[in-house]
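Okay, coords_16.txt is below, compact mmCIF, C-alpha atoms:
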# COMPACT_ATOMS: atom_id res chain seq x y z
CA MET B 1 17.66 15.89 -6.26
CA PRO B 2 16.70 12.40 -5.00
CA ASP B 3 17.80 11.45 -1.50
CA LEU B 4 19.98 8.45 -0.71
CA ASP B 5 17.02 6.22 0.16
CA SER B 6 15.40 6.92 -3.22
CA ILE B 7 18.70 6.08 -4.92
CA SER B 8 18.86 2.87 -2.87
CA ILE B 9 15.35 1.87 -3.97
CA LEU B 10 16.11 2.54 -7.65
CA THR B 11 19.40 0.66 -7.43
CA LEU B 12 17.75 -2.28 -5.66
CA TRP B 13 15.07 -2.65 -8.32
CA THR B 14 17.80 -2.49 -10.96
CA ALA B 15 19.55 -5.36 -9.17
CA ILE B 16 16.29 -7.31 -9.08
CA ALA B 17 15.84 -6.80 -12.83
CA ILE B 18 19.39 -8.00 -13.49
CA TYR B 19 18.86 -11.04 -11.24
CA ALA B 20 15.72 -11.79 -13.25
CA GLY B 21 17.79 -11.70 -16.44
CA ALA B 22 20.38 -14.00 -14.88
CA PHE B 23 17.63 -16.43 -13.83
CA ILE B 24 16.28 -16.56 -17.39
CA VAL B 25 19.77 -17.11 -18.82
CA PHE B 26 20.57 -19.87 -16.30
CA THR B 27 17.26 -21.54 -17.16
CA PHE B 28 18.12 -21.41 -20.86
CA ASP B 29 21.50 -22.91 -19.97
CA LEU B 30 19.80 -25.96 -18.45
CA ALA B 31 17.57 -26.28 -21.50
CA ARG B 32 20.57 -25.96 -23.80
CA ARG B 33 22.43 -28.64 -21.86
CA SER B 34 19.49 -30.98 -22.50
CA SER B 35 19.43 -30.29 -26.23
CA THR B 36 23.23 -30.56 -26.50
CA VAL B 37 23.26 -33.95 -24.80
CA LYS B 38 20.62 -35.25 -27.21
CA ALA B 39 22.56 -33.89 -30.20
CA GLU B 40 25.79 -35.52 -29.05
CA GLU B 41 24.03 -38.84 -28.49
CA ARG B 42 22.93 -38.75 -32.12
CA MET B 43 26.52 -38.03 -33.18
CA LEU B 44 27.94 -40.96 -31.23
CA VAL B 45 27.11 -43.59 -33.81
CA MET B 46 29.21 -45.90 -35.90
CA ALA B 47 28.95 -46.20 -39.65
CA ASP B 48 26.25 -48.86 -39.37
CA GLY B 49 24.17 -46.71 -36.99
CA ALA B 50 24.94 -48.56 -33.73
CA VAL B 51 25.15 -46.30 -30.69
CA VAL B 52 28.65 -46.18 -29.23
CA THR B 53 27.70 -45.34 -25.66
CA ALA B 54 25.37 -47.50 -23.63
CA PRO B 55 21.95 -46.12 -22.69
CA GLY B 56 22.41 -43.64 -19.88
CA GLU B 57 26.20 -43.55 -20.13
CA SER B 58 27.52 -40.01 -20.26
CA PRO B 59 29.31 -39.16 -23.51
CA TYR B 60 31.54 -36.82 -21.49
CA ALA B 61 32.98 -39.77 -19.59
CA SER B 62 33.27 -42.18 -22.48
CA GLY B 63 35.32 -40.12 -24.95
CA THR B 64 34.99 -41.79 -28.33
CA GLY B 65 33.90 -45.06 -26.78
CA GLY B 66 36.97 -46.83 -28.09
CA ALA B 67 35.21 -47.90 -31.25
CA GLU B 68 36.79 -47.34 -34.62
CA GLY B 69 34.94 -44.80 -36.69
CA ALA B 70 33.07 -43.34 -33.72
CA VAL B 71 32.35 -39.65 -33.71
CA ALA B 72 33.92 -37.79 -30.78
CA PRO B 73 31.45 -35.77 -28.71
CA VAL B 74 31.59 -32.03 -28.99
CA LYS B 75 32.60 -30.46 -25.68
CA GLN B 76 29.83 -28.23 -24.41
CA ARG B 77 31.18 -24.81 -23.46
CA PHE B 78 28.12 -23.71 -21.47
CA VAL B 79 28.27 -20.15 -22.82
CA MET B 80 24.87 -19.30 -21.32
CA ALA B 81 26.09 -20.30 -17.86
CA ARG B 82 28.99 -17.87 -18.18
CA ILE B 83 26.63 -15.10 -19.24
CA GLY B 84 24.33 -15.91 -16.33
CA THR B 85 27.26 -15.75 -13.92
CA SER B 86 28.33 -12.38 -15.31
CA LEU B 87 24.81 -11.04 -14.89
CA THR B 88 24.71 -12.37 -11.34
CA ILE B 89 27.94 -10.52 -10.51
CA LEU B 90 26.56 -7.33 -12.04
CA GLY B 91 23.29 -7.72 -10.13
CA TRP B 92 25.23 -8.28 -6.90
CA LEU B 93 27.20 -5.06 -7.41
CA PHE B 94 23.95 -3.09 -7.79
CA HIS B 95 22.57 -4.98 -4.78
CA LEU B 96 25.63 -4.00 -2.75
CA ALA B 97 25.29 -0.37 -3.82
CA ALA B 98 21.62 -0.36 -2.78
CA THR B 99 22.50 -1.80 0.62
CA VAL B 100 25.35 0.65 1.23
CA THR B 101 23.29 3.70 0.24
CA ARG B 102 20.43 2.53 2.46
CA GLY B 103 22.88 2.18 5.34
CA ILE B 104 24.26 5.68 4.77
CA ALA B 105 20.72 7.04 4.62
CA ASP B 106 19.92 5.23 7.87
CA GLY B 107 23.11 6.36 9.55
CA HIS B 108 23.67 2.79 10.78
CA VAL B 109 24.01 -0.78 9.54
CA PRO B 110 20.75 -1.42 7.61
CA TRP B 111 18.88 -4.05 9.61
CA SER B 112 16.30 -2.13 11.60
CA ASN B 113 13.38 -3.91 9.87
CA LEU B 114 12.55 -6.92 7.70
CA TYR B 115 13.11 -4.99 4.47
CA GLU B 116 16.69 -4.26 5.43
CA PHE B 117 17.28 -7.76 6.79
CA ALA B 118 16.17 -9.14 3.42
CA MET B 119 18.57 -6.82 1.60
CA ILE B 120 21.58 -7.97 3.61
CA GLY B 121 20.53 -11.62 3.84
CA THR B 122 20.07 -12.09 0.10
CA LEU B 123 23.23 -10.06 -0.58
CA LEU B 124 25.26 -12.59 1.42
CA VAL B 125 23.46 -15.56 -0.15
CA VAL B 126 24.61 -14.43 -3.60
CA LEU B 127 28.08 -13.60 -2.26
CA VAL B 128 28.50 -17.13 -0.86
CA TYR B 129 27.45 -18.61 -4.21
CA LEU B 130 29.88 -16.43 -6.19
CA VAL B 131 32.79 -17.14 -3.83
CA VAL B 132 32.16 -20.90 -4.04
CA LEU B 133 32.15 -20.65 -7.85
CA MET B 134 35.80 -19.66 -7.64
CA ARG B 135 36.61 -23.16 -6.33
CA ILE B 136 33.77 -25.43 -7.49
CA ASP B 137 31.78 -25.22 -10.73
CA LEU B 138 28.22 -24.96 -9.42
CA ARG B 139 26.85 -22.87 -12.27
CA PHE B 140 24.13 -25.46 -12.74
CA LEU B 141 22.67 -24.12 -9.47
CA GLY B 142 22.50 -20.58 -10.86
CA ALA B 143 18.80 -20.77 -11.69
CA PHE B 144 17.99 -21.87 -8.15
CA ILE B 145 20.11 -19.23 -6.39
CA THR B 146 18.95 -16.32 -8.55
CA GLY B 147 15.36 -17.60 -8.37
CA LEU B 148 15.49 -17.77 -4.56
CA VAL B 149 16.94 -14.27 -4.33
CA LEU B 150 14.32 -12.95 -6.76
CA VAL B 151 11.47 -14.29 -4.63
CA LEU B 152 12.85 -13.15 -1.26
CA LEU B 153 14.24 -9.79 -2.35
CA GLY B 154 11.34 -9.00 -4.67
CA ALA B 155 8.78 -9.78 -1.96
CA ALA B 156 10.66 -7.64 0.56
CA ALA B 157 10.99 -4.70 -1.84
CA ALA B 158 7.34 -4.88 -2.91
CA ASN B 159 5.67 -5.57 0.44
CA PHE B 160 7.99 -4.84 3.36
CA TYR B 161 9.54 -1.49 2.45
CA ARG B 162 9.63 1.04 5.30
CA GLU B 163 10.97 4.57 5.53
CA VAL B 164 14.34 5.17 7.13
CA THR B 165 13.94 4.81 10.90
CA PRO B 166 16.29 5.12 13.88
CA LEU B 167 17.82 1.89 15.12
CA ALA B 168 15.95 0.29 18.03
CA GLU B 169 17.91 0.39 21.28
CA PRO B 170 18.42 -3.43 21.58
CA LEU B 171 19.94 -3.44 18.07
CA LYS B 172 22.76 -1.10 19.07
CA SER B 173 25.24 -3.83 19.87
CA VAL B 174 28.38 -5.11 18.17
CA TRP B 175 27.21 -8.63 19.00
CA LEU B 176 24.12 -8.10 16.86
CA VAL B 177 26.37 -7.14 13.96
CA ILE B 178 28.26 -10.41 14.39
CA HIS B 179 25.06 -12.38 15.01
CA VAL B 180 23.22 -11.19 11.88
CA PHE B 181 26.26 -11.32 9.61
CA VAL B 182 27.18 -14.90 10.54
CA ALA B 183 23.54 -16.02 10.42
CA SER B 184 23.18 -14.60 6.89
CA LEU B 185 26.39 -16.33 5.80
CA SER B 186 25.11 -19.65 7.15
CA VAL B 187 21.83 -19.21 5.26
CA GLY B 188 23.83 -18.76 2.05
CA VAL B 189 25.75 -21.98 2.71
CA PHE B 190 22.56 -23.86 3.66
CA ALA B 191 20.96 -22.64 0.42
CA LEU B 192 23.71 -24.29 -1.62
CA ALA B 193 23.33 -27.53 0.36
CA PHE B 194 19.57 -27.45 -0.22
CA ALA B 195 19.93 -26.88 -3.96
CA LEU B 196 22.41 -29.73 -4.24
CA SER B 197 20.05 -32.02 -2.31
CA VAL B 198 17.18 -31.21 -4.68
CA VAL B 199 19.39 -31.96 -7.70
CA GLN B 200 20.56 -35.14 -5.92
CA LEU B 201 16.97 -36.39 -5.67
CA MET B 202 16.42 -35.68 -9.37
CA GLN B 203 19.65 -37.45 -10.28
CA ALA B 204 18.79 -40.42 -8.04
CA ARG B 205 15.44 -40.80 -9.79
CA ARG B 206 17.16 -40.71 -13.17
CA GLU B 207 19.70 -43.34 -12.09
CA ARG B 208 16.94 -45.64 -10.80
CA ARG B 209 15.05 -45.35 -14.08
CA LEU B 210 18.21 -46.09 -16.06
CA ALA B 211 18.77 -49.19 -13.92
CA GLU B 212 15.26 -50.29 -14.85
CA GLY B 213 16.12 -49.97 -18.54
CA ILE B 214 14.14 -46.77 -19.16
CA GLU B 215 16.07 -44.73 -21.70
CA ASN B 216 14.16 -41.44 -21.29
CA ALA B 217 15.03 -41.31 -17.61
CA GLY B 218 14.80 -37.57 -16.97
CA PRO B 219 15.84 -34.09 -18.13
CA GLY B 220 18.87 -34.18 -20.39
CA PHE B 221 20.81 -31.60 -18.40
CA LEU B 222 21.20 -34.13 -15.58
CA ARG B 223 23.64 -35.97 -17.87
CA THR B 224 26.01 -33.00 -17.55
CA LEU B 225 25.90 -32.90 -13.74
CA PRO B 226 27.80 -34.92 -11.11
CA ASP B 227 26.37 -38.24 -9.95
CA THR B 228 24.36 -38.64 -6.75
CA VAL B 229 27.38 -39.55 -4.61
CA ARG B 230 29.25 -36.40 -5.58
CA LEU B 231 26.15 -34.23 -5.13
CA GLU B 232 25.45 -35.73 -1.71
CA ASN B 233 29.02 -35.28 -0.53
CA LEU B 234 28.99 -31.63 -1.58
CA ALA B 235 25.66 -31.02 0.13
CA TYR B 236 26.96 -32.63 3.32
CA ARG B 237 30.13 -30.55 3.34
CA PHE B 238 28.20 -27.32 2.85
CA SER B 239 25.78 -28.36 5.60
CA VAL B 240 28.65 -28.94 8.01
CA VAL B 241 30.09 -25.48 7.27
CA GLY B 242 26.64 -23.93 7.63
CA PHE B 243 26.07 -25.79 10.90
CA ILE B 244 29.32 -24.43 12.35
CA LEU B 245 28.29 -20.90 11.37
CA TRP B 246 24.79 -21.43 12.77
CA THR B 247 26.25 -22.66 16.06
CA PHE B 248 28.26 -19.44 16.30
CA THR B 249 25.04 -17.56 15.46
CA LEU B 250 23.38 -19.11 18.52
CA ILE B 251 26.34 -18.21 20.73
CA ALA B 252 26.55 -14.61 19.48
CA GLY B 253 22.78 -14.25 19.79
CA SER B 254 22.89 -15.41 23.40
CA ILE B 255 25.62 -12.92 24.25
CA TRP B 256 23.62 -10.17 22.54
CA ALA B 257 20.50 -11.20 24.50
CA GLN B 258 22.43 -10.94 27.76
CA ASP B 259 23.67 -7.51 26.75
CA ALA B 260 20.22 -6.27 25.62
CA TRP B 261 17.78 -7.97 28.00
CA GLY B 262 19.89 -9.32 30.85
CA ARG B 263 19.44 -13.03 30.08
CA TYR B 264 21.14 -15.47 27.69
CA TRP B 265 18.02 -17.44 26.76
CA GLY B 266 14.33 -16.73 27.14
CA PHE B 267 12.50 -19.07 24.73
CA ASP B 268 11.38 -16.17 22.60
CA VAL B 269 9.79 -17.53 19.40
CA LYS B 270 12.75 -16.43 17.28
CA GLU B 271 15.22 -17.97 19.70
CA THR B 272 13.23 -21.19 19.78
CA TRP B 273 13.14 -21.52 16.00
CA THR B 274 16.84 -20.77 15.75
CA PHE B 275 17.45 -23.66 18.14
CA ILE B 276 15.06 -25.93 16.19
CA ILE B 277 17.08 -25.26 13.04
CA TRP B 278 20.27 -26.11 14.92
CA VAL B 279 18.75 -29.40 16.14
CA LEU B 280 17.57 -30.35 12.64
CA TYR B 281 20.99 -29.86 11.07
CA ALA B 282 22.71 -31.50 14.02
CA GLY B 283 20.44 -34.52 13.51
CA TYR B 284 21.17 -34.55 9.77
CA ILE B 285 24.94 -34.46 10.30
CA HIS B 286 24.81 -37.05 13.10
CA ALA B 287 22.55 -39.43 11.13
CA ARG B 288 24.75 -39.32 8.07
CA ALA B 289 28.06 -39.55 9.95
CA THR B 290 27.20 -42.25 12.50
CA ARG B 291 24.06 -43.99 11.31
CA GLY B 292 25.09 -44.31 7.71
CA TRP B 293 22.13 -42.44 6.27
CA ARG B 294 22.91 -42.04 2.59
CA GLY B 295 21.00 -41.26 -0.54
CA SER B 296 17.46 -39.89 -0.51
CA PRO B 297 16.95 -39.89 3.31
CA SER B 298 20.03 -37.70 3.67
CA ALA B 299 18.80 -35.34 0.95
CA TRP B 300 15.36 -35.02 2.53
CA LEU B 301 16.88 -34.12 5.90
CA SER B 302 18.86 -31.35 4.23
CA ILE B 303 15.70 -30.08 2.50
CA VAL B 304 13.68 -30.09 5.73
CA GLY B 305 16.46 -28.16 7.47
CA PHE B 306 16.48 -25.41 4.86
CA ALA B 307 12.68 -25.27 4.81
CA SER B 308 12.83 -24.47 8.53
CA VAL B 309 15.35 -21.70 7.79
CA ILE B 310 12.98 -20.11 5.25
CA PHE B 311 10.06 -20.55 7.68
CA ASN B 312 12.09 -18.74 10.35
CA PHE B 313 13.01 -15.93 7.96
CA THR B 314 9.48 -15.40 6.59
CA ILE B 315 6.57 -16.75 8.67
CA VAL B 316 8.17 -16.26 12.09
CA ASN B 317 9.33 -12.73 11.27
CA VAL B 318 5.98 -11.65 9.83
CA PHE B 319 3.33 -13.40 11.93
CA PHE B 320 4.93 -14.09 15.32
CA LYS B 321 5.48 -11.41 17.93
CA GLY B 322 8.27 -11.35 20.47
CA LEU B 323 11.43 -9.57 21.51
CA HIS B 324 12.84 -10.08 17.99
CA ALA B 325 9.83 -8.45 16.28
CA TYR B 326 11.73 -5.86 14.25
CA SER B 327 9.89 -6.44 10.97
CA GLY B 328 8.52 -2.91 10.99
CA LEU B 329 5.16 -4.20 9.77
CA SER B 330 3.11 -3.44 12.86

Render the structure in this file as structure tokens.
Amino acid sequence: MPDLDSISILTLWTAIAIYAGAFIVFTFDLARRSSTVKAEERMLVMADGAVVTAPGESPYASGTGGAEGAVAPVKQRFVMARIGTSLTILGWLFHLAATVTRGIADGHVPWSNLYEFAMIGTLLVVLVYLVVLMRIDLRFLGAFITGLVLVLLGAAAANFYREVTPLAEPLKSVWLVIHVFVASLSVGVFALAFALSVVQLMQARRERRLAEGIENAGPGFLRTLPDTVRLENLAYRFSVVGFILWTFTLIAGSIWAQDAWGRYWGFDVKETWTFIIWVLYAGYIHARATRGWRGSPSAWLSIVGFASVIFNFTIVNVFFKGLHAYSGLS
């Protein structure tokens, strides 16, 4: 009879396979949005063949265009996006089961090495995305979120797996539980802000090309997404929430450090990079709120901030040694 850790491994790879299916479906959804937009543009013609909507104008916003004899656009139902979301929920449930069974096998919360950190971190990234979907329709980010989780979780499962090990003494602290949980939540929120910033840059390029009179201004699915102002505002709001959580991460980490090592701050490489991330997002929020940074500069600051988060999670954990070296790779 397989042990709990073997069940956890099997369940985790099942979750990865389901996430891969969700990624493919979300990608098809974006492609289908492009083809649907082109089909509706062909439908929006008058009897003499004149296009009702102006070049670049969204048929979703224009209705029938107010012209007699115009053909009303067919409302896209985004069936593939709903399927992708359902697969993501199913994958998350298997992911949760794998994490719980690993924790039971360990006899403690599963974050004694990088493999387990990746399990919990990506679990909360997907959870944040699914919770936000209940309030805001961000299904167009599904391909990014599932793709990110596939890369991080797949790499951890394939390269960083370690046998069940006892929890290191410094990790036996309630403050570490709070520290890691809140940090993982903030990464999930930052991931959404990053994805929105990437889409914002794509949308901004499309809008510039439309202003220059270029009809084929970019991928068709961008026509079905919010404009750059809406995307930027959403990214900023998520960044603010993530920054608040990251600030609490720093505070909880300092309290844990005092409890484990007898000092609040020691410029350990992990501590230093956590502070660098805090400074980057603080600069982004300050620049946008007080200096009026809008548009592409704001988006790039958000992207740089999340790149530093990924650097901290991957490169720092794997290649840098210090008091936080719990990767289990050495």

Practice task
Counting all atoms listed in the file, figure out which residue out of B:Leu127, B:Ala289, B:Val109, B:Ala31 gets nearest to Pro166 in chain B.
Solution key: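 Going through B:Leu127, B:Ala289, B:Val109, B:Ala31 one by one, the smallest distance to Pro166 in chain B is for B:Val109.
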
Handout entry: Coordinates-based distance that separates CA of Leu301 in chain B from CA of Phe194 in chain B (Å, one decimal)
Key = 9.4 Å

Handout entry: Shell around Val177 in chain B at 10 Å using only C-alpha atoms, local window under 6 positions removed, as an MDAnalysis selection string
Key = chainID B and resid 109 111 171 183 252:253 256

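Reported to one decimal place, the separation of CA of Gly121 in chain B from CA of Leu87 in chain B is 19.2 Å.
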
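Here CA of Arg82 in chain B and CA of Phe221 in chain B stand 16.0 Å from one another.
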
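With only C-alpha atoms as the atoms that count, the minimum distance from His95 in chain B to the choices B:Tyr19, B:Phe28, B:Phe181, B:Phe306 is reached by B:Tyr19.
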
Practice task
Determine the nearest neighbour of Ile16 in chain B from the options B:Gly188, B:Gly266, B:Gly213, B:Gly91, counting only C-alpha atoms.
Solution key: B:Gly91

Practice task
Kindly indicate which residue among B:Asp106, B:Glu271, B:Asp29, B:Glu116 lies nearest to Thr85 in chain B, using only C-alpha atoms for the distances.
Solution key: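 Closest to Thr85 in chain B, using only C-alpha atoms: B:Asp29.
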
Problem - Surrounding residues of Ile277 in chain B excluding itself and chain neighbours under 5 positions, 7 Å, all atoms listed in the file, as an NGL selection string - result: :B and (305 or 308-309)

Excluding Phe311 in chain B and its own-chain neighbours fewer than 3 positions away, which residues fall within 12 Å of it when counting only C-alpha atoms? Please give them as a PDB file with C-alpha atoms, keeping the file's coordinate frame.
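Once written, around_4.pdb looks like this:
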ATOM      1  CA  LEU B 152      12.850 -13.150  -1.260  1.00  0.00           C
ATOM      2  CA  LYS B 270      12.750 -16.430  17.280  1.00  0.00           C
ATOM      3  CA  TRP B 273      13.140 -21.520  16.000  1.00  0.00           C
ATOM      4  CA  THR B 274      16.840 -20.770  15.750  1.00  0.00           C
ATOM      5  CA  ILE B 276      15.060 -25.930  16.190  1.00  0.00           C
ATOM      6  CA  ILE B 277      17.080 -25.260  13.040  1.00  0.00           C
ATOM      7  CA  VAL B 304      13.680 -30.090   5.730  1.00  0.00           C
ATOM      8  CA  GLY B 305      16.460 -28.160   7.470  1.00  0.00           C
ATOM      9  CA  PHE B 306      16.480 -25.410   4.860  1.00  0.00           C
ATOM     10  CA  ALA B 307      12.680 -25.270   4.810  1.00  0.00           C
ATOM     11  CA  SER B 308      12.830 -24.470   8.530  1.00  0.00           C
ATOM     12  CA  THR B 314       9.480 -15.400   6.590  1.00  0.00           C
ATOM     13  CA  ILE B 315       6.570 -16.750   8.670  1.00  0.00           C
ATOM     14  CA  VAL B 316       8.170 -16.260  12.090  1.00  0.00           C
ATOM     15  CA  ASN B 317       9.330 -12.730  11.270  1.00  0.00           C
ATOM     16  CA  VAL B 318       5.980 -11.650   9.830  1.00  0.00           C
ATOM     17  CA  PHE B 319       3.330 -13.400  11.930  1.00  0.00           C
ATOM     18  CA  PHE B 320       4.930 -14.090  15.320  1.00  0.00           C
TER      19      PHE B 320
END

Using all atoms listed in the file, which protein or nucleic acid residues come within 12 Å of Leu133 in chain B? Drop anything in the same chain fewer than 4 positions from it, and give the result as a short mmCIF file (atom, residue, chain, number, x, y, z; two decimals) with C-alpha atoms, keeping the file's coordinate frame.
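So selection.cif came out as:
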data_model
loop_
_atom_site.label_atom_id
_atom_site.label_comp_id
_atom_site.auth_asym_id
_atom_site.auth_seq_id
_atom_site.Cartn_x
_atom_site.Cartn_y
_atom_site.Cartn_z
CA ALA B 81 26.09 -20.30 -17.86
CA ARG B 82 28.99 -17.87 -18.18
CA THR B 85 27.26 -15.75 -13.92
CA SER B 86 28.33 -12.38 -15.31
CA THR B 88 24.71 -12.37 -11.34
CA ILE B 89 27.94 -10.52 -10.51
CA VAL B 126 24.61 -14.43 -3.60
CA LEU B 127 28.08 -13.60 -2.26
CA VAL B 128 28.50 -17.13 -0.86
CA TYR B 129 27.45 -18.61 -4.21
CA ASP B 137 31.78 -25.22 -10.73
CA LEU B 138 28.22 -24.96 -9.42
CA ARG B 139 26.85 -22.87 -12.27
CA PHE B 140 24.13 -25.46 -12.74
CA LEU B 141 22.67 -24.12 -9.47
CA GLY B 142 22.50 -20.58 -10.86
CA LEU B 192 23.71 -24.29 -1.62
#

Problem - Sel. within 12 Å of pt (19.7, -38.5, -8.9), counting all atoms listed in the file, output as an MDAnalysis selection string - result: chainID B and resid 196:211 217:219 221:223 225:232 295:296 299

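Restricting the calculation to only C-alpha atoms, the smallest distance between His108 in chain B and any of B:Thr249, B:Ser254, B:Ser173, B:Thr146 is found for B:Ser173.
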
Practice task
Would you please work out which residue, of B:Ala143, B:Tyr236, B:Gly220, B:Val164, is nearest to Asp3 in chain B when using only C-alpha atoms?
Solution key: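 Between B:Ala143, B:Tyr236, B:Gly220, B:Val164, the residue approaching Asp3 in chain B most closely is B:Val164.
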
If I only want range 172-188 of chain B, can you write it with N, CA, C and O atoms, as a PDB file, in the first residue's frame?
ATOM      1  N   LYS B 172      10.308  25.993  13.684  1.00  0.00           N
ATOM      2  CA  LYS B 172       9.252  25.631  14.637  1.00  0.00           C
ATOM      3  C   LYS B 172       8.785  26.879  15.386  1.00  0.00           C
ATOM      4  O   LYS B 172       9.063  27.064  16.567  1.00  0.00           O
ATOM      5  N   SER B 173       8.076  27.716  14.666  1.00  0.00           N
ATOM      6  CA  SER B 173       7.603  28.970  15.244  1.00  0.00           C
ATOM      7  C   SER B 173       6.289  29.356  14.594  1.00  0.00           C
ATOM      8  O   SER B 173       6.122  29.251  13.375  1.00  0.00           O
ATOM      9  N   VAL B 174       5.336  29.810  15.410  1.00  0.00           N
ATOM     10  CA  VAL B 174       4.058  30.259  14.865  1.00  0.00           C
ATOM     11  C   VAL B 174       4.239  31.478  13.980  1.00  0.00           C
ATOM     12  O   VAL B 174       3.480  31.704  13.031  1.00  0.00           O
ATOM     13  N   TRP B 175       5.284  32.274  14.261  1.00  0.00           N
ATOM     14  CA  TRP B 175       5.529  33.457  13.447  1.00  0.00           C
ATOM     15  C   TRP B 175       5.992  33.084  12.045  1.00  0.00           C
ATOM     16  O   TRP B 175       5.754  33.821  11.099  1.00  0.00           O
ATOM     17  N   LEU B 176       6.649  31.938  11.918  1.00  0.00           N
ATOM     18  CA  LEU B 176       7.024  31.483  10.574  1.00  0.00           C
ATOM     19  C   LEU B 176       5.785  31.089   9.786  1.00  0.00           C
ATOM     20  O   LEU B 176       5.694  31.356   8.586  1.00  0.00           O
ATOM     21  N   VAL B 177       4.820  30.457  10.476  1.00  0.00           N
ATOM     22  CA  VAL B 177       3.569  30.104   9.807  1.00  0.00           C
ATOM     23  C   VAL B 177       2.908  31.359   9.244  1.00  0.00           C
ATOM     24  O   VAL B 177       2.493  31.405   8.078  1.00  0.00           O
ATOM     25  N   ILE B 178       2.835  32.396  10.066  1.00  0.00           N
ATOM     26  CA  ILE B 178       2.238  33.660   9.624  1.00  0.00           C
ATOM     27  C   ILE B 178       3.080  34.282   8.517  1.00  0.00           C
ATOM     28  O   ILE B 178       2.549  34.746   7.486  1.00  0.00           O
ATOM     29  N   HIS B 179       4.386  34.283   8.697  1.00  0.00           N
ATOM     30  CA  HIS B 179       5.315  34.903   7.751  1.00  0.00           C
ATOM     31  C   HIS B 179       5.186  34.282   6.358  1.00  0.00           C
ATOM     32  O   HIS B 179       5.020  34.991   5.358  1.00  0.00           O
ATOM     33  N   VAL B 180       5.244  32.961   6.281  1.00  0.00           N
ATOM     34  CA  VAL B 180       5.209  32.279   4.983  1.00  0.00           C
ATOM     35  C   VAL B 180       3.824  32.384   4.351  1.00  0.00           C
ATOM     36  O   VAL B 180       3.695  32.609   3.137  1.00  0.00           O
ATOM     37  N   PHE B 181       2.785  32.233   5.153  1.00  0.00           N
ATOM     38  CA  PHE B 181       1.430  32.297   4.613  1.00  0.00           C
ATOM     39  C   PHE B 181       1.139  33.664   3.995  1.00  0.00           C
ATOM     40  O   PHE B 181       0.653  33.759   2.862  1.00  0.00           O
ATOM     41  N   VAL B 182       1.457  34.732   4.732  1.00  0.00           N
ATOM     42  CA  VAL B 182       1.185  36.083   4.225  1.00  0.00           C
ATOM     43  C   VAL B 182       2.075  36.398   3.026  1.00  0.00           C
ATOM     44  O   VAL B 182       1.632  37.027   2.060  1.00  0.00           O
ATOM     45  N   ALA B 183       3.332  35.965   3.066  1.00  0.00           N
ATOM     46  CA  ALA B 183       4.234  36.185   1.931  1.00  0.00           C
ATOM     47  C   ALA B 183       3.701  35.511   0.676  1.00  0.00           C
ATOM     48  O   ALA B 183       3.721  36.091  -0.420  1.00  0.00           O
ATOM     49  N   SER B 184       3.201  34.275   0.812  1.00  0.00           N
ATOM     50  CA  SER B 184       2.659  33.561  -0.344  1.00  0.00           C
ATOM     51  C   SER B 184       1.404  34.240  -0.882  1.00  0.00           C
ATOM     52  O   SER B 184       1.199  34.317  -2.100  1.00  0.00           O
ATOM     53  N   LEU B 185       0.567  34.742   0.022  1.00  0.00           N
ATOM     54  CA  LEU B 185      -0.614  35.494  -0.416  1.00  0.00           C
ATOM     55  C   LEU B 185      -0.208  36.735  -1.206  1.00  0.00           C
ATOM     56  O   LEU B 185      -0.799  37.045  -2.253  1.00  0.00           O
ATOM     57  N   SER B 186       0.795  37.451  -0.710  1.00  0.00           N
ATOM     58  CA  SER B 186       1.227  38.668  -1.396  1.00  0.00           C
ATOM     59  C   SER B 186       1.793  38.344  -2.769  1.00  0.00           C
ATOM     60  O   SER B 186       1.591  39.112  -3.722  1.00  0.00           O
ATOM     61  N   VAL B 187       2.490  37.215  -2.903  1.00  0.00           N
ATOM     62  CA  VAL B 187       3.012  36.815  -4.220  1.00  0.00           C
ATOM     63  C   VAL B 187       1.862  36.576  -5.189  1.00  0.00           C
ATOM     64  O   VAL B 187       1.927  36.955  -6.367  1.00  0.00           O
ATOM     65  N   GLY B 188       0.780  35.950  -4.705  1.00  0.00           N
ATOM     66  CA  GLY B 188      -0.384  35.737  -5.557  1.00  0.00           C
ATOM     67  C   GLY B 188      -0.985  37.039  -6.038  1.00  0.00           C
ATOM     68  O   GLY B 188      -1.361  37.171  -7.211  1.00  0.00           O
TER      69      GLY B 188
END
